[in-house]
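Asker: Okay, here's the structure, questions in a sec.
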Amino acid sequence: MYDITLKKGVKFHNGKEAKAEDLKYTFDWMANPENNAATLGYAPQLKNAETKVRGSHSVRLNLSEPHGLWNYWMTRVVNGLVPKDSRGETAEAKGPKGLGTNLTTEPIGTGPFKMEEWEGGNYMRCVAFEDHFRDGIPKIDEIEFQFITEPTTRISRLRSDNAGFVVDVPPKNFQSTKEAPDINAKSIPGSGSQVIYHNHVDTGDNPMSNLHNRRAVHYAVDAQELLERVYRGQGVVQKGPWFPDSDWVPDSLKNIDMYDPERAKSELQKGPNPDGFEVSLMASNSSVAGKTATIIQSQLEEVGITANVNLLDTGSLFSRLYGTVEWNLSLAGWGQSIPHVFWWLFAGFSPQRNHNNWHHAPADTPWKPSGPNPPEEYQDEYGTEPGAGHTWFRDRLQQAFETTDKGEQKEIAFELQEYIVDKVVQTDLMYTNNMEAWRDYVTGYKMGTFSYEYRTIDFEK
Amino acid sequence: MWKYIVKRLLLAVPTLAGVSVIIFGMMYLSPGGPVDVMLGPTAASQEMVESVRAELHLDEPLYIQYARWMGDVLRGDLGNSWTITQGTSVNELITNRLPLTTELAFLSLLLAIGIGIPAGIIGAVYQDELADHLTRIVALTGISIPNFWLGIMFIVVFAVEFQFEWAAGGWVSPLEDPVSNLQNLLLPTIALGTAVSATIARMMRSEMLDTLGANYITTARAMGVPRWRVILNDGVKNAFIPVLTVIGFALAGLMNGAVLTETVFNLPGVGKLLILAINRRDYRIVQGVILFIAFVYVFVNILVDVLYAYFDPRIRLGGE
């Protein structure tokens with residue numbers, strides 16, 4: 001249960017003050033399963049949650065399940081505060097329930113900029129919100145976001161002063177952009193992670209359903225080489241799912257060498273395919289993913305694993321990943337949105353539609369749940385039936401949510417991360433840096449690792 | 001003539017209907033769907049996926065989905081966007097972006113004709129001489145270079161190296177600023193029009209060679225008509241008729257070529273919309289845009305046949 005008090009005097013873009021009734025409406029709308037709010041996938045504790053107005057600016061939120069880290073979730077995952085009744089009635093013309101409301105194309109918030117014009121996939125123009133609650137913010141009158149998929153065009157717009165600021169500078173262009181006149185460029189630790197997913201479902205001809213085969217793949221891949229050759233060293237090799245220098249990563253993982261070809265060969269000998277095996281390796285058809293997949297292919301070849309690279313467009317990749325068992329390995333990239341290890345342990349490994357086919361087979365298929373067993377000390381309680389490992393994982397995660405004791409949370413976080421690495425639920429490769437560039441008249445800009453981090457910016461002209 | 005046009009228009013109906021079935025079938029048979037894109041990969045539960053699929057009628061048999069879509073299309077409604085701008089009408093999205101794509105296609109065609117026709121004539125008149133070799137080499141090179149690569153090279157040279165503001169992509173409406181509009185479209189026009197100009201040049205040269213070898217040309221020259229008058233009055237006019245077909249299809253083809261050129265130059269046209277829609281599995285937009293392009297092909301085809309009769313009075317349309 002949380003008591004939430006809103007700051008007084010905060011105004012929405014429609015000019016009305018944000019009050020408790022608005023917060024109640026915001027929560028109630030998401031909590032109602034009929035509205036199909038996508039947020040419920042990330043915050044299931046909100047489903048059927050109860051809210052009560054306690055004062056003009058105060059609301060009591062009673063979640064359906066305990067969540068000791070709710071502040072992180074509420075401020076970063078849950079949809080923002082919106083005015084009462086602003087979503088309007090559901091209508092087919094707006095899109096599916098929950099995904100299409102009055103706010104879909106005309107959002108109203110309390111932020112420093114209000115959206116003036118948006119053309120999907122093309123541009124979005126925002127103007128300063130004069131009644132923003134923080135003094136002196138925003139410092140600029142108007143900002144236009146241009147969505148440019150072609151990297152060369154993106155960089156050229158900066159170089160020719162058609163844009164003041166560019167994100168996602170490709171690694172190969174970073175140095176030349178940095179050295180260009182009148183331009184600043186910076187590379188800092190980012191939240192984008194590169195991962196190899198293993199299909200755990202035992203279909204009879206899927207080598208990755210075997211733990212030793214997964215370990216053979218895991219220890220055969222040299223993430224440092226990938227980082228150097230594909231990302232020009234702009235990033236950090238992972239030692240499990242979370243940031244390797246974090247206090248929330250156990251020393252046992254920090255000290256392990258994830259690239260160990262001898263161990264890879266030894267694991268291969270222990271498994272059902274001592275002479276090696278053949279697998280498919282899916283990746284998106286971007287040049288970076290294609291290059292990464294090709295290098296992984298040659299690294300696996302070194303230990304006797306033949307990987308057939310299959311490059312697909314993103315839609316097809318996701319579809320095959322989540323909806324079928326017709327794959328063995330898949331390369332994918334993810335961005336972390338919440339700076340907390342439990343976010344990734346939850347979002348990456350807990351939902352029902354798990355990308356590794358770890359705990360369940362895709363819907364409408366005859367395959368049984370799969371994946372590694374729980375750790376030995378829990379097997380009396382959870383058994384060793386297929387799917388038991390995932391049930392244990394979810395229960396431990398829920399136990400972490402039910403406490404606010406950091407020591408206890410850390411113990412669980414360590415245990416779950418060690419489990420993921422030991423059982424090779426997936427192979428985490430590296431966090432790549434955020435690389436951005438801007439004209440020199442942009443001053444005071446502060447880059448952030450996470451997309452939700454606030455950034456300040458000023459202009460000299 | 002009118003009877004012929006009406007007949008061709010009626011014949012276009014089953015053609016477009018066939019195209020619509022193919023478009024619809026291919027989109028739904030290809031892997032991936034809009035629901036994964038809408039809900040995000042890890043967040044959604046299976047129940048939510050099923051619920052959204054039901055709301056979009058994606059759980060219905062394919063023929064019912066097709067009938068539903070076709071019913072809307074026949075009423076002039078291409079449906080609403082699902083993933084790019086949820087709820088926005090596809091008609092509106094296409095209409096807003098059509099002026100740019102049309103302008104780019106026509107400018108590219110003008111450039112292609114302006115270069116291709118004279119190059120073809122010169123190549124034929126000076127057959128096997130230096131001018132002919134040069135035009136053939138240039139034409140072959142033009143056909144061989146992919147337009148998206150040429151576009152990227154233009155950006156690298158003119159925007160990155162020379163830092164011309166107008167070379168870095170983007171678009172301004174001609175009603176707002178005609179000069180900037182033409183500046184912005186200069187490089188995309190060259191990138192898109194080069195290959196077409198090469199095709200027209202090769203076709204024109206070939207037709208001119210046939211025409212210049214005809215007896216009536218030899219007779220005209222024997223009667224003392226000046227060489228260039230024969231070439232321009234008799235040769236070009238007769239050789240141009242088959243080239244007209246190439247130009248007609250080139251115009252429709254330029255709409256397709258715009259897909260990559262618009263993406264490279266960040267031009268908010270129909271082509272860029274199509275790429276976005278394919279990547280984000282926005283079925284309604286993909287179906288709407290491809291159906292529109294198919295319509296343009298069919299219409300241009302009819303137009304070319306009609307123009308044939310105009311340029312060559314010997315041709316009688318529809319058995320007239």
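Note on naming: chains are A, B, ... as they come in the structure tokens, residues start from 1 per chain, ligands start from 1 in the order shown.
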I'd like the contact shell of Lys410 (chain A) - 10 Å cut-off, only C-alpha atoms, skipping same-chain residues fewer than 5 positions apart - returned as a ChimeraX atom specification.
Answerer: /A:247-250,341-342,400,405,415-416
Asker: Tell me which protein, DNA and RNA residues are within 8 Å of region 100-107 of chain A, counting only C-alpha atoms, leaving out same-chain ones fewer than 3 positions away, and put them as a list in words.
Answerer: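 Here the qualifying residues turn out to be Ser86, Arg87, Gly88, Glu89, Thr90, Ala91, Lys94, Gly95, Pro96, Lys97, Met115 and Trp118 of chain A; Thr85, Gln86 and Gly87 of chain B.
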Asker: Between B:Ile64, B:Gly79, B:Lys3, B:Arg202, which one has atoms that come closest to Val286 (chain B), using only C-alpha atoms?
Answerer: B:Gly79
Asker: Within 9 Å of chain B, which residues belong to chain A? Use only C-alpha atoms and report them as a ChimeraX atom specification.
Answerer: /A:36-43,92-97,99-101,104-105,118-122,147-162,313-320,322-323,347-355,363
Asker: Please indicate the distance in Å from CA of Gly193 (chain B) to CA of Asn285 (chain A), rounded to one decimal place.
Answerer: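 Distance between the two atoms: 27.8 Å.
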Asker: Quick one: pull the distance between CA of Ile108 (chain A) and CA of Leu23 (chain A), Å, one decimal.
Answerer: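 Atom-to-atom, CA of Ile108 (chain A) and CA of Leu23 (chain A) are spaced 13.5 Å apart.
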Asker: If we count only C-alpha atoms and set the cut-off at 7 Å, which residues sit around Asn310 (chain A), ignoring sequence neighbours fewer than 5 positions away in its own chain? Please answer as a PDB file with N, CA, C and O atoms, in the first residue's frame.
Answerer:
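Written out: out_16.pdb:
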ATOM      1  N   SER A 280      20.728 -23.063 -35.856  1.00  0.00           N
ATOM      2  CA  SER A 280      20.424 -21.824 -36.575  1.00  0.00           C
ATOM      3  C   SER A 280      20.695 -20.652 -35.636  1.00  0.00           C
ATOM      4  O   SER A 280      20.517 -20.776 -34.426  1.00  0.00           O
ATOM      5  N   LEU A 281      21.171 -19.567 -36.189  1.00  0.00           N
ATOM      6  CA  LEU A 281      21.409 -18.353 -35.397  1.00  0.00           C
ATOM      7  C   LEU A 281      20.665 -17.208 -36.084  1.00  0.00           C
ATOM      8  O   LEU A 281      21.072 -16.730 -37.141  1.00  0.00           O
ATOM      9  N   MET A 282      19.553 -16.781 -35.478  1.00  0.00           N
ATOM     10  CA  MET A 282      18.761 -15.689 -36.065  1.00  0.00           C
ATOM     11  C   MET A 282      19.311 -14.350 -35.599  1.00  0.00           C
ATOM     12  O   MET A 282      19.800 -14.222 -34.476  1.00  0.00           O
ATOM     13  N   ALA A 283      19.194 -13.368 -36.451  1.00  0.00           N
ATOM     14  CA  ALA A 283      19.568 -11.998 -36.063  1.00  0.00           C
ATOM     15  C   ALA A 283      18.787 -11.043 -36.952  1.00  0.00           C
ATOM     16  O   ALA A 283      18.258 -11.455 -37.992  1.00  0.00           O
TER      17      ALA A 283
END
Asker: For Val230 (chain B), find every residue with an atom within 8 Å (counting only C-alpha atoms), except residues of its own chain fewer than 6 positions away, and show them as a list in words.
Answerer: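 Here the answer would be Ile217, Ala220 and Arg221 of chain B.
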Asker: Residues of the last selection are to be written out with all heavy atoms, as a PDB file, in the first residue's frame.
Answerer:
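out_23.pdb written:
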ATOM      1  N   ILE B 217      13.543   6.863 -94.686  1.00  0.00           N
ATOM      2  CA  ILE B 217      14.590   7.794 -94.259  1.00  0.00           C
ATOM      3  C   ILE B 217      15.612   7.954 -95.386  1.00  0.00           C
ATOM      4  O   ILE B 217      16.012   9.071 -95.743  1.00  0.00           O
ATOM      5  CB  ILE B 217      15.291   7.271 -92.976  1.00  0.00           C
ATOM      6  CG1 ILE B 217      14.287   7.198 -91.816  1.00  0.00           C
ATOM      7  CG2 ILE B 217      16.503   8.130 -92.609  1.00  0.00           C
ATOM      8  CD1 ILE B 217      13.912   8.521 -91.214  1.00  0.00           C
ATOM      9  N   ALA B 220      14.107  10.040 -98.083  1.00  0.00           N
ATOM     10  CA  ALA B 220      14.071  11.458 -97.730  1.00  0.00           C
ATOM     11  C   ALA B 220      15.439  12.098 -97.897  1.00  0.00           C
ATOM     12  O   ALA B 220      15.568  13.201 -98.419  1.00  0.00           O
ATOM     13  CB  ALA B 220      13.584  11.611 -96.284  1.00  0.00           C
ATOM     14  N   ARG B 221      16.477  11.370 -97.464  1.00  0.00           N
ATOM     15  CA  ARG B 221      17.833  11.902 -97.600  1.00  0.00           C
ATOM     16  C   ARG B 221      18.182  12.038 -99.092  1.00  0.00           C
ATOM     17  O   ARG B 221      18.779  13.038 -99.508  1.00  0.00           O
ATOM     18  CB  ARG B 221      18.850  10.962 -96.930  1.00  0.00           C
ATOM     19  CG  ARG B 221      18.766  10.990 -95.430  1.00  0.00           C
ATOM     20  CD  ARG B 221      19.395  12.248 -94.819  1.00  0.00           C
ATOM     21  NE  ARG B 221      20.827  12.309 -94.999  1.00  0.00           N
ATOM     22  CZ  ARG B 221      21.489  13.334 -95.495  1.00  0.00           C
ATOM     23  NH1 ARG B 221      20.830  14.381 -95.920  1.00  0.00           N
ATOM     24  NH2 ARG B 221      22.808  13.341 -95.616  1.00  0.00           N
TER      25      ARG B 221
END
Asker: Residues near Asp395 (chain A), anyone? I mean within 12 Å using only C-alpha atoms, not counting same-chain ones fewer than 5 positions away, as a compact mmCIF listing (two decimals) with N, CA and C atoms, in the first residue's frame.
Answerer:
# COMPACT_ATOMS: atom_id res chain seq x y z
N PHE A 346 12.97 -9.04 -13.77
CA PHE A 346 11.52 -9.18 -13.95
C PHE A 346 11.15 -9.14 -15.44
N SER A 350 10.73 -12.93 -16.37
CA SER A 350 9.54 -13.32 -15.63
C SER A 350 8.25 -13.42 -16.44
N PRO A 374 15.10 -26.09 -10.88
CA PRO A 374 15.48 -25.12 -9.85
C PRO A 374 16.83 -25.53 -9.26
N TYR A 378 16.38 -26.29 -3.73
CA TYR A 378 14.95 -25.98 -3.82
C TYR A 378 14.16 -27.11 -4.49
N GLU A 381 11.21 -28.78 -2.73
CA GLU A 381 9.99 -27.96 -2.68
C GLU A 381 9.34 -27.80 -4.05
N TYR A 382 10.15 -27.61 -5.08
CA TYR A 382 9.61 -27.29 -6.40
C TYR A 382 9.59 -28.47 -7.37
N ALA A 388 9.45 -26.11 -13.61
CA ALA A 388 9.62 -25.87 -12.16
C ALA A 388 10.66 -24.79 -11.91
N GLY A 389 11.70 -24.76 -12.74
CA GLY A 389 12.76 -23.76 -12.57
C GLY A 389 12.22 -22.36 -12.69
N HIS A 390 11.33 -22.18 -13.64
CA HIS A 390 10.78 -20.84 -13.84
C HIS A 390 9.83 -20.45 -12.72
N ALA A 400 11.52 -10.90 -3.40
CA ALA A 400 12.33 -9.67 -3.41
C ALA A 400 11.43 -8.44 -3.44
N PHE A 401 10.32 -8.53 -4.14
CA PHE A 401 9.39 -7.40 -4.22
C PHE A 401 8.66 -7.20 -2.88
N GLU A 402 8.55 -8.28 -2.12
CA GLU A 402 7.77 -8.20 -0.89
C GLU A 402 8.57 -7.64 0.29
N ILE A 412 18.79 -12.22 -2.95
CA ILE A 412 17.96 -12.82 -4.01
C ILE A 412 18.50 -12.45 -5.39
N LEU A 416 19.59 -15.19 -8.23
CA LEU A 416 18.92 -15.29 -9.53
C LEU A 416 19.91 -15.07 -10.68
Asker: Check the DSSP output for the backbone and give back, as a PyMOL selection string, the residues of region 65-272 of chain A in helix (DSSP H, G or I).
Answerer: chain A and resi 70-76+92-94+102-105+151-159+171-179+207-209+211-220+223-231+251-254+261-270
Asker: Grab the CA of Val289 (chain B) to CA of Asn91 (chain B) distance for me, in Å with one decimal place.
Answerer: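 About the pair CA of Val289 (chain B) and CA of Asn91 (chain B): they are 9.2 Å apart.
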Asker: For Ile122 (chain B), please output as a list in words all residues within 10 Å (counting only C-alpha atoms; exclusion window: fewer than 3 positions along the same chain).
Answerer: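 Neighbouring residues, sequence-local ones excluded: Gly116, Ile117, Pro118, Ala119, Val125, Tyr126, Gln127, Glu129, Ala131, Asp132, Thr135, Ala201, Met204, Arg205 and Met208 of chain B.
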Asker: Determine which residues of region 227-438 of chain A DSSP labels as strand (DSSP E) from the backbone of this structure, then write them out as a ChimeraX atom specification.
Answerer: /A:235-237,277-284,305-312,329-335,426-438
Asker: Which residue is closest to Arg284 (chain B)? Choose from B:Leu209, B:Ala250, B:Val21, B:Val90 and count only C-alpha atoms.
Answerer: B:Val90
Asker: When you look at Asp85 (chain A) with a cut-off of 9 Å (counting only C-alpha atoms), what residues show up, excluding the ones that are within fewer than 5 positions of it in the same chain? I need them as an MDAnalysis selection string.
Answerer: chainID A and resid 22 25:26
